[in-house]
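> Got a structure for you, written out below as structure tokens; questions coming shortly.
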Amino acid sequence: ISVCDITRPMPSSTVLPVLLAELAHIPKQNIVILIATGTHRSNTYNELKDMLGASVVDTYNVVNHNAFDNSILENVGETPNGTPIVLNRRWVESDFRITTGFVEPHFFAGFSGGPKMVAPGLASFDTIMNLHNSDMIGNPKSTWGITEGNPIHDEIRQIAYQTKVDFSVDVTINRDRKITSVHAGELFAVHHDACKVAKAASMRPVDDPFDVVITSNSGYPLDLNLYQSVKGMSAASKIVKEGGTIICAAECRDGIPEHGEYGRILKLRDCPEDLLAMVRSEKYNQHDQWQVQIQSQIQMKAKVYLKSSYLSESQTRSAHLEPVDVIEDVVAKALDRAGQHARLCVLPEGPQTIPFLRSE
């Protein structure tokens, strides 16, 4: 059974006991619960208890996936487009495979959940890098709410199709993390239906772009660091004018952060234009480069300010963003620059309420 890791607010402690009750005829030692970490860190025992429930963790074999450990990975071929399909061996060798996912708009894969619980969730680093390369990330259809024709999601769906999933459970939730709908059955039909519900609840069209967009990253823990807060900026960028202004409010109590490659890559060049050129170069292939690429693409479109309680001015500037002291002052100046007919949009929930231009 593939389940979400700590970075997703999936209500696994509610879903898993119901699912496991239906599997009561299967010996417990024959069931493995795989944490679909992708390239994220392993989850701790206490995190697993919070995520899955203590009774599940203490009763079943719960295993963190590790995309960097070749000894636990199995090469099962490649997609027609040449993406290597290298997945967790326990998953590949299972007689029956179940995914459990949380579906919400995703800033480059279209929607989370569904086939993402196979790849990148249970994939190798090389497979994940193929799915996140600069051409994929740079495609205009690699964005919120698009699955068909999105080259990233198309390839993710192909991997799940070729390796087969026997049963799937996807849920949608509200801001209080309460389940609003449950979809169970064949993987692709389930995900299609869950995406329709998530889009109706979370995405709204607007007629024209705005001069200034204020966004958040939906508060703790979603704004734990700057890396995650790029998602809120990405939501704002969908409706900001070329040359407009984005102001992002995010605590970032975990900093840039120090772990991962995102912060290190940001320091390799002096401006977003040069960062984008570097990431797009054929020889560049680094973990977390996709987040730097997306941030740079946003900054090529609009000026981005950051209001953070935990990042210093120097840290903010080192990430190529403009630090904000008083948001009202920056908003007033930005609207004044845009002229008397300037338009302002506010996204209090950041990446959980996704606007898009009606023309798109």
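Quick note on naming: the chains in the structure tokens go A, B, ... in the order shown, residues restart at 1 in each chain, and ligands are numbered from 1 in order of appearance.
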Just list the residues in region 74-290 of chain A DSSP gives helix (DSSP H, G or I) on the backbone, as an mmCIF file with N, CA and C atoms, in the first residue's frame.

data_model
loop_
_atom_site.group_PDB
_atom_site.id
_atom_site.type_symbol
_atom_site.label_atom_id
_atom_site.label_comp_id
_atom_site.auth_asym_id
_atom_site.auth_seq_id
_atom_site.Cartn_x
_atom_site.Cartn_y
_atom_site.Cartn_z
ATOM 1 N N ARG A 89 11.534 -1.944 -5.014
ATOM 2 C CA ARG A 89 11.431 -3.376 -5.316
ATOM 3 C C ARG A 89 10.258 -4.029 -4.587
ATOM 4 N N ARG A 90 9.988 -3.627 -3.367
ATOM 5 C CA ARG A 90 8.846 -4.211 -2.646
ATOM 6 C C ARG A 90 7.543 -3.959 -3.412
ATOM 7 N N TRP A 91 7.424 -2.777 -3.981
ATOM 8 C CA TRP A 91 6.237 -2.440 -4.762
ATOM 9 C C TRP A 91 6.164 -3.291 -6.032
ATOM 10 N N VAL A 92 7.290 -3.356 -6.737
ATOM 11 C CA VAL A 92 7.344 -4.090 -8.002
ATOM 12 C C VAL A 92 7.003 -5.568 -7.800
ATOM 13 N N GLY A 114 -3.311 9.996 -6.876
ATOM 14 C CA GLY A 114 -3.410 9.095 -8.014
ATOM 15 C C GLY A 114 -2.088 8.486 -8.424
ATOM 16 N N PRO A 115 -1.708 8.602 -9.705
ATOM 17 C CA PRO A 115 -0.485 7.956 -10.195
ATOM 18 C C PRO A 115 0.794 8.512 -9.589
ATOM 19 N N LYS A 116 0.726 9.704 -8.971
ATOM 20 C CA LYS A 116 1.920 10.247 -8.319
ATOM 21 C C LYS A 116 2.355 9.383 -7.122
ATOM 22 N N MET A 117 1.461 8.547 -6.645
ATOM 23 C CA MET A 117 1.805 7.660 -5.537
ATOM 24 C C MET A 117 2.697 6.508 -5.990
ATOM 25 N N PHE A 125 15.862 8.229 -7.890
ATOM 26 C CA PHE A 125 16.288 9.596 -8.140
ATOM 27 C C PHE A 125 16.383 9.868 -9.644
ATOM 28 N N ASP A 126 16.940 8.915 -10.406
ATOM 29 C CA ASP A 126 17.082 9.117 -11.851
ATOM 30 C C ASP A 126 15.726 9.244 -12.536
ATOM 31 N N THR A 127 14.770 8.410 -12.135
ATOM 32 C CA THR A 127 13.423 8.513 -12.701
ATOM 33 C C THR A 127 12.808 9.861 -12.359
ATOM 34 N N ILE A 128 12.961 10.274 -11.127
ATOM 35 C CA ILE A 128 12.393 11.545 -10.677
ATOM 36 C C ILE A 128 13.032 12.719 -11.410
ATOM 37 N N MET A 129 14.331 12.669 -11.625
ATOM 38 C CA MET A 129 15.001 13.746 -12.352
ATOM 39 C C MET A 129 14.504 13.828 -13.789
ATOM 40 N N ASN A 130 14.201 12.697 -14.405
ATOM 41 C CA ASN A 130 13.621 12.711 -15.754
ATOM 42 C C ASN A 130 12.255 13.380 -15.745
ATOM 43 N N LEU A 131 11.487 13.141 -14.692
ATOM 44 C CA LEU A 131 10.151 13.730 -14.596
ATOM 45 C C LEU A 131 10.192 15.212 -14.250
ATOM 46 N N SER A 134 14.411 20.258 -16.894
ATOM 47 C CA SER A 134 14.080 21.653 -17.205
ATOM 48 C C SER A 134 13.091 21.783 -18.355
ATOM 49 N N ASP A 135 13.142 20.869 -19.332
ATOM 50 C CA ASP A 135 12.179 20.924 -20.432
ATOM 51 C C ASP A 135 10.768 20.635 -19.934
ATOM 52 N N MET A 136 10.652 19.639 -19.072
ATOM 53 C CA MET A 136 9.345 19.291 -18.498
ATOM 54 C C MET A 136 8.787 20.460 -17.674
ATOM 55 N N ILE A 137 9.605 20.976 -16.761
ATOM 56 C CA ILE A 137 9.176 22.057 -15.876
ATOM 57 C C ILE A 137 8.856 23.321 -16.675
ATOM 58 N N GLY A 138 9.603 23.561 -17.747
ATOM 59 C CA GLY A 138 9.423 24.770 -18.536
ATOM 60 C C GLY A 138 8.251 24.746 -19.487
ATOM 61 N N PRO A 151 3.157 17.392 -19.847
ATOM 62 C CA PRO A 151 4.135 16.338 -20.106
ATOM 63 C C PRO A 151 4.594 15.612 -18.851
ATOM 64 N N ILE A 152 4.582 16.300 -17.709
ATOM 65 C CA ILE A 152 4.986 15.656 -16.457
ATOM 66 C C ILE A 152 3.928 14.651 -16.034
ATOM 67 N N HIS A 153 2.671 15.099 -16.012
ATOM 68 C CA HIS A 153 1.611 14.187 -15.573
ATOM 69 C C HIS A 153 1.397 13.060 -16.588
ATOM 70 N N ASP A 154 1.532 13.376 -17.866
ATOM 71 C CA ASP A 154 1.392 12.321 -18.885
ATOM 72 C C ASP A 154 2.399 11.195 -18.645
ATOM 73 N N GLU A 155 3.626 11.573 -18.309
ATOM 74 C CA GLU A 155 4.669 10.571 -18.090
ATOM 75 C C GLU A 155 4.444 9.821 -16.775
ATOM 76 N N ILE A 156 3.989 10.528 -15.755
ATOM 77 C CA ILE A 156 3.643 9.888 -14.480
ATOM 78 C C ILE A 156 2.531 8.865 -14.678
ATOM 79 N N ARG A 157 1.520 9.260 -15.433
ATOM 80 C CA ARG A 157 0.396 8.363 -15.710
ATOM 81 C C ARG A 157 0.857 7.143 -16.501
ATOM 82 N N GLN A 158 1.782 7.337 -17.442
ATOM 83 C CA GLN A 158 2.298 6.240 -18.244
ATOM 84 C C GLN A 158 3.045 5.220 -17.392
ATOM 85 N N ILE A 159 3.829 5.701 -16.440
ATOM 86 C CA ILE A 159 4.569 4.801 -15.552
ATOM 87 C C ILE A 159 3.599 3.940 -14.738
ATOM 88 N N ALA A 160 2.555 4.565 -14.192
ATOM 89 C CA ALA A 160 1.566 3.807 -13.419
ATOM 90 C C ALA A 160 0.835 2.804 -14.305
ATOM 91 N N TYR A 161 0.556 3.197 -15.545
ATOM 92 C CA TYR A 161 -0.127 2.301 -16.486
ATOM 93 C C TYR A 161 0.735 1.081 -16.801
ATOM 94 N N GLN A 162 2.015 1.299 -17.060
ATOM 95 C CA GLN A 162 2.895 0.196 -17.443
ATOM 96 C C GLN A 162 3.184 -0.759 -16.291
ATOM 97 N N THR A 163 3.159 -0.260 -15.057
ATOM 98 C CA THR A 163 3.524 -1.102 -13.917
ATOM 99 C C THR A 163 2.305 -1.599 -13.146
ATOM 100 N N LEU A 187 -7.570 3.037 -10.733
ATOM 101 C CA LEU A 187 -6.695 4.189 -10.485
ATOM 102 C C LEU A 187 -7.065 5.426 -11.298
ATOM 103 N N PHE A 188 -7.127 5.292 -12.604
ATOM 104 C CA PHE A 188 -7.269 6.477 -13.446
ATOM 105 C C PHE A 188 -8.678 7.066 -13.386
ATOM 106 N N ALA A 189 -9.690 6.226 -13.287
ATOM 107 C CA ALA A 189 -11.064 6.714 -13.130
ATOM 108 C C ALA A 189 -11.220 7.426 -11.790
ATOM 109 N N VAL A 190 -10.643 6.847 -10.751
ATOM 110 C CA VAL A 190 -10.691 7.426 -9.410
ATOM 111 C C VAL A 190 -10.029 8.804 -9.394
ATOM 112 N N HIS A 191 -8.831 8.884 -9.971
ATOM 113 C CA HIS A 191 -8.101 10.156 -9.941
ATOM 114 C C HIS A 191 -8.812 11.214 -10.774
ATOM 115 N N HIS A 192 -9.360 10.829 -11.904
ATOM 116 C CA HIS A 192 -10.097 11.763 -12.760
ATOM 117 C C HIS A 192 -11.263 12.385 -11.992
ATOM 118 N N ASP A 193 -12.021 11.553 -11.282
ATOM 119 C CA ASP A 193 -13.170 12.057 -10.532
ATOM 120 C C ASP A 193 -12.734 12.946 -9.363
ATOM 121 N N ALA A 194 -11.672 12.548 -8.660
ATOM 122 C CA ALA A 194 -11.182 13.340 -7.529
ATOM 123 C C ALA A 194 -10.657 14.695 -8.000
ATOM 124 N N CYS A 195 -10.001 14.718 -9.165
ATOM 125 C CA CYS A 195 -9.491 15.982 -9.713
ATOM 126 C C CYS A 195 -10.641 16.939 -10.029
ATOM 127 N N LYS A 196 -11.760 16.422 -10.537
ATOM 128 C CA LYS A 196 -12.917 17.260 -10.837
ATOM 129 C C LYS A 196 -13.451 17.916 -9.564
ATOM 130 N N VAL A 197 -13.513 17.151 -8.487
ATOM 131 C CA VAL A 197 -13.988 17.695 -7.209
ATOM 132 C C VAL A 197 -13.009 18.738 -6.685
ATOM 133 N N ALA A 198 -11.707 18.435 -6.744
ATOM 134 C CA ALA A 198 -10.692 19.356 -6.239
ATOM 135 C C ALA A 198 -10.676 20.652 -7.041
ATOM 136 N N LYS A 199 -10.826 20.543 -8.351
ATOM 137 C CA LYS A 199 -10.820 21.751 -9.187
ATOM 138 C C LYS A 199 -12.023 22.638 -8.878
ATOM 139 N N ALA A 200 -13.193 22.033 -8.722
ATOM 140 C CA ALA A 200 -14.399 22.814 -8.428
ATOM 141 C C ALA A 200 -14.277 23.540 -7.095
ATOM 142 N N ALA A 201 -13.607 22.920 -6.130
ATOM 143 C CA ALA A 201 -13.493 23.507 -4.798
ATOM 144 C C ALA A 201 -12.346 24.506 -4.683
ATOM 145 N N SER A 202 -11.281 24.318 -5.454
ATOM 146 C CA SER A 202 -10.037 25.049 -5.207
ATOM 147 C C SER A 202 -9.617 26.025 -6.289
ATOM 148 N N LEU A 226 11.201 28.556 2.685
ATOM 149 C CA LEU A 226 11.060 29.279 1.430
ATOM 150 C C LEU A 226 10.821 28.338 0.264
ATOM 151 N N TYR A 227 11.470 27.179 0.284
ATOM 152 C CA TYR A 227 11.285 26.180 -0.780
ATOM 153 C C TYR A 227 9.802 25.901 -1.003
ATOM 154 N N GLN A 228 9.073 25.628 0.079
ATOM 155 C CA GLN A 228 7.648 25.337 -0.032
ATOM 156 C C GLN A 228 6.856 26.568 -0.462
ATOM 157 N N SER A 229 7.323 27.748 -0.067
ATOM 158 C CA SER A 229 6.575 28.979 -0.318
ATOM 159 C C SER A 229 6.594 29.420 -1.769
ATOM 160 N N VAL A 230 7.430 28.798 -2.581
ATOM 161 C CA VAL A 230 7.405 29.071 -4.024
ATOM 162 C C VAL A 230 6.039 28.703 -4.603
ATOM 163 N N LYS A 231 5.345 27.755 -3.962
ATOM 164 C CA LYS A 231 4.027 27.350 -4.444
ATOM 165 C C LYS A 231 3.034 28.512 -4.386
ATOM 166 N N GLY A 232 3.058 29.274 -3.285
ATOM 167 C CA GLY A 232 2.177 30.436 -3.173
ATOM 168 C C GLY A 232 2.502 31.485 -4.223
ATOM 169 N N MET A 233 3.795 31.689 -4.469
ATOM 170 C CA MET A 233 4.212 32.621 -5.529
ATOM 171 C C MET A 233 3.723 32.141 -6.886
ATOM 172 N N SER A 234 3.787 30.832 -7.109
ATOM 173 C CA SER A 234 3.366 30.260 -8.378
ATOM 174 C C SER A 234 1.874 30.484 -8.612
ATOM 175 N N ALA A 235 1.062 30.329 -7.555
ATOM 176 C CA ALA A 235 -0.378 30.581 -7.682
ATOM 177 C C ALA A 235 -0.622 32.036 -8.084
ATOM 178 N N ALA A 236 0.107 32.954 -7.467
ATOM 179 C CA ALA A 236 -0.049 34.377 -7.773
ATOM 180 C C ALA A 236 0.371 34.697 -9.202
ATOM 181 N N SER A 237 1.413 34.004 -9.665
ATOM 182 C CA SER A 237 1.951 34.300 -11.001
ATOM 183 C C SER A 237 0.961 33.967 -12.116
ATOM 184 N N TYR A 262 18.217 23.323 -2.863
ATOM 185 C CA TYR A 262 17.568 24.553 -3.314
ATOM 186 C C TYR A 262 18.363 25.808 -2.928
ATOM 187 N N GLY A 263 18.695 25.941 -1.657
ATOM 188 C CA GLY A 263 19.428 27.123 -1.196
ATOM 189 C C GLY A 263 20.797 27.239 -1.824
ATOM 190 N N ARG A 264 21.483 26.108 -1.959
ATOM 191 C CA ARG A 264 22.822 26.134 -2.552
ATOM 192 C C ARG A 264 22.764 26.569 -4.013
ATOM 193 N N ILE A 265 21.783 26.067 -4.754
ATOM 194 C CA ILE A 265 21.669 26.427 -6.167
ATOM 195 C C ILE A 265 21.365 27.915 -6.324
ATOM 196 N N LEU A 266 20.510 28.457 -5.458
ATOM 197 C CA LEU A 266 20.169 29.873 -5.545
ATOM 198 C C LEU A 266 21.397 30.771 -5.457
ATOM 199 N N PRO A 272 17.876 35.963 -11.255
ATOM 200 C CA PRO A 272 17.000 34.905 -11.766
ATOM 201 C C PRO A 272 17.273 34.553 -13.222
ATOM 202 N N GLU A 273 17.595 35.555 -14.053
ATOM 203 C CA GLU A 273 17.852 35.282 -15.468
ATOM 204 C C GLU A 273 19.006 34.304 -15.632
ATOM 205 N N ASP A 274 20.090 34.535 -14.873
ATOM 206 C CA ASP A 274 21.258 33.659 -14.973
ATOM 207 C C ASP A 274 20.986 32.286 -14.371
ATOM 208 N N LEU A 275 20.182 32.238 -13.296
ATOM 209 C CA LEU A 275 19.802 30.949 -12.711
ATOM 210 C C LEU A 275 19.005 30.125 -13.707
ATOM 211 N N LEU A 276 18.070 30.777 -14.398
ATOM 212 C CA LEU A 276 17.237 30.080 -15.367
ATOM 213 C C LEU A 276 18.085 29.536 -16.513
ATOM 214 N N ALA A 277 19.036 30.343 -16.975
ATOM 215 C CA ALA A 277 19.915 29.895 -18.059
ATOM 216 C C ALA A 277 20.761 28.707 -17.614
ATOM 217 N N MET A 278 21.226 28.741 -16.366
ATOM 218 C CA MET A 278 22.040 27.652 -15.839
ATOM 219 C C MET A 278 21.233 26.353 -15.754
ATOM 220 N N VAL A 279 20.040 26.420 -15.190
ATOM 221 C CA VAL A 279 19.215 25.224 -15.014
ATOM 222 C C VAL A 279 18.805 24.638 -16.369
ATOM 223 N N ARG A 280 18.599 25.506 -17.340
ATOM 224 C CA ARG A 280 18.177 25.047 -18.658
ATOM 225 C C ARG A 280 19.324 24.470 -19.491
ATOM 226 N N GLN A 289 16.529 21.404 -8.503
ATOM 227 C CA GLN A 289 16.668 22.447 -9.524
ATOM 228 C C GLN A 289 15.314 22.941 -10.010
ATOM 229 N N TRP A 290 14.302 22.069 -9.959
ATOM 230 C CA TRP A 290 12.971 22.441 -10.443
ATOM 231 C C TRP A 290 12.394 23.605 -9.658
#
> Quick one: everything within 12 Å of Thr215 (chain A), counting only C-alpha atoms, minus sequence neighbours fewer than 2 positions away in the same chain. Send it as an NGL selection string.
:A and (212-213 or 217-219 or 223 or 229-240 or 245-250 or 304-307 or 327 or 331 or 344-355)
> Please indicate the distance in Å from CA of His287 (chain A) to CA of Pro80 (chain A), rounded to one decimal place.
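For CA of His287 (chain A) relative to CA of Pro80 (chain A), the distance reads 24.1 Å.
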> Could you give me, as a list of chain:residue names, the residues within 12 Å of Ser312 (chain A), counting only C-alpha atoms and dropping anything in the same chain fewer than 5 positions from it?
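Using only C-alpha atoms, the neighbours found are A:Glu251, A:Cys252, A:Arg253, A:Gly255, A:Ile256, A:Leu306, A:Lys307, A:Arg317, A:Ser318, A:Ala319, A:Leu321, A:Glu322, A:Pro323, A:Val324, A:Asp325.
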> For the residues selected in the previous step, produce a file with N, CA, C and O atoms as a compact mmCIF listing (two decimals), in the first residue's frame.

# COMPACT_ATOMS: atom_id res chain seq x y z
N GLU A 251 6.03 32.57 6.82
CA GLU A 251 6.88 32.58 8.01
C GLU A 251 8.29 32.08 7.75
O GLU A 251 9.27 32.69 8.16
N CYS A 252 8.41 30.89 7.12
CA CYS A 252 9.71 30.28 6.84
C CYS A 252 10.51 30.04 8.12
O CYS A 252 11.71 30.35 8.19
N ARG A 253 9.87 29.45 9.11
CA ARG A 253 10.56 29.22 10.39
C ARG A 253 11.69 28.19 10.27
O ARG A 253 12.57 28.12 11.12
N GLY A 255 13.67 28.31 7.69
CA GLY A 255 14.66 28.97 6.85
C GLY A 255 14.45 28.74 5.37
O GLY A 255 13.33 28.68 4.87
N ILE A 256 15.57 28.59 4.64
CA ILE A 256 15.54 28.47 3.17
C ILE A 256 14.95 27.14 2.69
O ILE A 256 14.17 27.19 1.71
N LEU A 306 9.00 39.44 -0.40
CA LEU A 306 8.74 38.43 0.62
C LEU A 306 8.66 39.06 2.00
O LEU A 306 9.59 39.76 2.43
N LYS A 307 7.56 38.80 2.69
CA LYS A 307 7.40 39.17 4.09
C LYS A 307 7.57 37.91 4.92
O LYS A 307 6.75 36.99 4.84
N ARG A 317 17.47 38.46 0.37
CA ARG A 317 18.14 39.00 -0.82
C ARG A 317 19.02 37.93 -1.47
O ARG A 317 19.16 37.90 -2.70
N SER A 318 19.61 37.05 -0.66
CA SER A 318 20.44 35.99 -1.23
C SER A 318 19.62 35.00 -2.06
O SER A 318 20.14 34.29 -2.90
N ALA A 319 18.30 34.97 -1.79
CA ALA A 319 17.38 34.14 -2.56
C ALA A 319 16.78 34.93 -3.73
O ALA A 319 15.82 34.47 -4.36
N LEU A 321 15.07 37.68 -3.71
CA LEU A 321 13.78 38.28 -3.43
C LEU A 321 13.95 39.59 -2.68
O LEU A 321 14.97 39.79 -2.00
N GLU A 322 12.95 40.47 -2.76
CA GLU A 322 12.99 41.75 -2.07
C GLU A 322 12.32 41.61 -0.70
O GLU A 322 11.15 41.22 -0.62
N PRO A 323 13.04 41.90 0.41
CA PRO A 323 12.43 41.78 1.74
C PRO A 323 11.40 42.88 1.99
O PRO A 323 11.54 44.00 1.49
N VAL A 324 10.36 42.54 2.73
CA VAL A 324 9.28 43.47 3.05
C VAL A 324 9.22 43.66 4.56
O VAL A 324 9.26 42.68 5.32
N ASP A 325 9.11 44.91 5.00
CA ASP A 325 8.90 45.19 6.41
C ASP A 325 7.40 45.38 6.67
O ASP A 325 6.78 44.63 7.40
> Compile the contact shell of Phe167 (chain A) as a ChimeraX atom specification: residues with an atom at most 8 Å away, counting only C-alpha atoms, same-chain residues fewer than 2 positions apart removed.
/A:97-99,165,169,184-187
> Would you save the residues of that selection, restricted to N, CA and C atoms, as a PDB file, in the first residue's frame?

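part_10.pdb, written as the output of this step:
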ATOM      1  N   ARG A  97      -1.275  -4.268  -5.592  1.00  0.00           N
ATOM      2  CA  ARG A  97      -0.766  -2.920  -5.297  1.00  0.00           C
ATOM      3  C   ARG A  97      -1.923  -1.940  -5.134  1.00  0.00           C
ATOM      4  N   ILE A  98      -1.877  -1.193  -4.023  1.00  0.00           N
ATOM      5  CA  ILE A  98      -2.932  -0.226  -3.698  1.00  0.00           C
ATOM      6  C   ILE A  98      -2.282   1.148  -3.480  1.00  0.00           C
ATOM      7  N   THR A  99      -2.851   2.185  -4.085  1.00  0.00           N
ATOM      8  CA  THR A  99      -2.407   3.553  -3.799  1.00  0.00           C
ATOM      9  C   THR A  99      -3.465   4.267  -2.971  1.00  0.00           C
ATOM     10  N   VAL A 165      -1.517  -0.727 -11.198  1.00  0.00           N
ATOM     11  CA  VAL A 165      -2.039  -0.546  -9.841  1.00  0.00           C
ATOM     12  C   VAL A 165      -3.369  -1.281  -9.794  1.00  0.00           C
ATOM     13  N   VAL A 169      -7.406   4.522  -3.752  1.00  0.00           N
ATOM     14  CA  VAL A 169      -8.289   5.360  -2.940  1.00  0.00           C
ATOM     15  C   VAL A 169      -7.727   6.781  -2.957  1.00  0.00           C
ATOM     16  N   ALA A 184     -12.870   5.532  -4.833  1.00  0.00           N
ATOM     17  CA  ALA A 184     -12.168   4.259  -4.733  1.00  0.00           C
ATOM     18  C   ALA A 184     -12.487   3.370  -5.918  1.00  0.00           C
ATOM     19  N   GLY A 185     -11.446   2.664  -6.400  1.00  0.00           N
ATOM     20  CA  GLY A 185     -11.637   1.749  -7.523  1.00  0.00           C
ATOM     21  C   GLY A 185     -10.445   1.756  -8.451  1.00  0.00           C
ATOM     22  N   GLU A 186     -10.709   1.789  -9.758  1.00  0.00           N
ATOM     23  CA  GLU A 186      -9.642   1.780 -10.756  1.00  0.00           C
ATOM     24  C   GLU A 186      -8.887   3.107 -10.733  1.00  0.00           C
ATOM     25  N   LEU A 187      -7.570   3.037 -10.733  1.00  0.00           N
ATOM     26  CA  LEU A 187      -6.695   4.189 -10.485  1.00  0.00           C
ATOM     27  C   LEU A 187      -7.065   5.426 -11.298  1.00  0.00           C
TER      28      LEU A 187
END
> Please report the interatomic distance between CA of Asp95 (chain A) and CA of Leu48 (chain A) in Å with one decimal.
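CA of Leu48 (chain A) lies at a distance of 24.6 Å from CA of Asp95 (chain A).
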> Write out as a ChimeraX atom specification each polymer residue whose atoms come within 10 Å of Gly121 (chain A), counting only C-alpha atoms; drop sequence neighbours fewer than 3 positions from it.
/A:2-5,34-40,65-67,87-88,113,115-118,124,128
> Restricting the calculation to only C-alpha atoms: of A:Val330, A:Arg343, A:Ser94, A:Glu261, which residue gets closest to Gln286 (chain A)?
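For Gln286 (chain A), the nearest of the candidates is A:Glu261.
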> Please, which residues of region 132-227 of chain A, numbered as in this document, come out strand (DSSP E or B) from DSSP, as a compact mmCIF listing (two decimals) with N, CA and C atoms, in the first residue's frame?

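Output (selection_0.txt):
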# COMPACT_ATOMS: atom_id res chain seq x y z
N PHE A 167 -5.75 -1.28 -7.19
CA PHE A 167 -6.85 -0.59 -6.52
C PHE A 167 -6.33 0.75 -6.02
N SER A 168 -7.22 1.75 -6.00
CA SER A 168 -6.80 3.09 -5.60
C SER A 168 -7.86 3.75 -4.74
N VAL A 169 -7.41 4.52 -3.75
CA VAL A 169 -8.29 5.36 -2.94
C VAL A 169 -7.73 6.78 -2.96
N ASP A 170 -8.50 7.74 -3.44
CA ASP A 170 -8.13 9.15 -3.41
C ASP A 170 -9.17 9.92 -2.62
N VAL A 171 -8.71 10.92 -1.85
CA VAL A 171 -9.63 11.77 -1.11
C VAL A 171 -9.34 13.23 -1.40
N THR A 172 -10.35 14.08 -1.18
CA THR A 172 -10.16 15.52 -1.15
C THR A 172 -10.48 15.99 0.26
N ILE A 173 -9.90 17.13 0.66
CA ILE A 173 -10.11 17.63 2.02
C ILE A 173 -10.38 19.13 1.98
N ILE A 179 -12.14 15.24 5.45
CA ILE A 179 -12.41 14.64 4.15
C ILE A 179 -13.73 15.17 3.58
N THR A 180 -13.68 15.62 2.32
CA THR A 180 -14.87 16.13 1.66
C THR A 180 -15.40 15.17 0.59
N SER A 181 -14.54 14.29 0.08
CA SER A 181 -15.01 13.27 -0.86
C SER A 181 -14.03 12.11 -0.88
N VAL A 182 -14.54 10.92 -1.17
CA VAL A 182 -13.73 9.70 -1.24
C VAL A 182 -14.02 9.02 -2.57
N HIS A 183 -12.96 8.59 -3.25
CA HIS A 183 -13.08 7.95 -4.56
C HIS A 183 -12.25 6.67 -4.52
N ALA A 184 -12.87 5.53 -4.83
CA ALA A 184 -12.17 4.26 -4.73
C ALA A 184 -12.49 3.37 -5.92
N GLY A 185 -11.45 2.66 -6.40
CA GLY A 185 -11.64 1.75 -7.52
C GLY A 185 -10.45 1.76 -8.45
N MET A 203 -10.21 25.94 -7.48
CA MET A 203 -9.75 26.77 -8.59
C MET A 203 -10.87 27.68 -9.09
N ARG A 204 -10.52 28.93 -9.39
CA ARG A 204 -11.50 29.91 -9.85
C ARG A 204 -10.95 30.72 -11.02
N PRO A 205 -11.76 30.93 -12.07
CA PRO A 205 -11.30 31.75 -13.19
C PRO A 205 -11.45 33.23 -12.90
N VAL A 206 -10.57 34.04 -13.47
CA VAL A 206 -10.70 35.50 -13.44
C VAL A 206 -10.61 35.98 -14.89
N PHE A 210 -3.98 40.91 -12.89
CA PHE A 210 -3.91 41.97 -11.89
C PHE A 210 -2.52 42.60 -11.87
N ASP A 211 -2.48 43.90 -11.50
CA ASP A 211 -1.20 44.60 -11.38
C ASP A 211 -0.42 44.13 -10.15
N VAL A 212 -1.15 43.87 -9.07
CA VAL A 212 -0.53 43.47 -7.81
C VAL A 212 -1.29 42.26 -7.26
N VAL A 213 -0.55 41.23 -6.83
CA VAL A 213 -1.17 40.06 -6.20
C VAL A 213 -0.47 39.79 -4.87
N ILE A 214 -1.26 39.76 -3.80
CA ILE A 214 -0.75 39.41 -2.48
C ILE A 214 -1.11 37.94 -2.23
N THR A 215 -0.13 37.15 -1.81
CA THR A 215 -0.38 35.73 -1.58
C THR A 215 0.25 35.29 -0.27
N SER A 216 -0.13 34.11 0.17
CA SER A 216 0.51 33.47 1.32
C SER A 216 0.89 32.07 0.89
> Using Å and a single decimal, report how far CA of Phe96 (chain A) sits from CA of Glu74 (chain A).
16.7 Å
> Restricting the calculation to only C-alpha atoms, which member of A:Val63, A:Met51, A:Gly243, A:Phe356 is positioned closest to Ala338 (chain A)?
A:Gly243
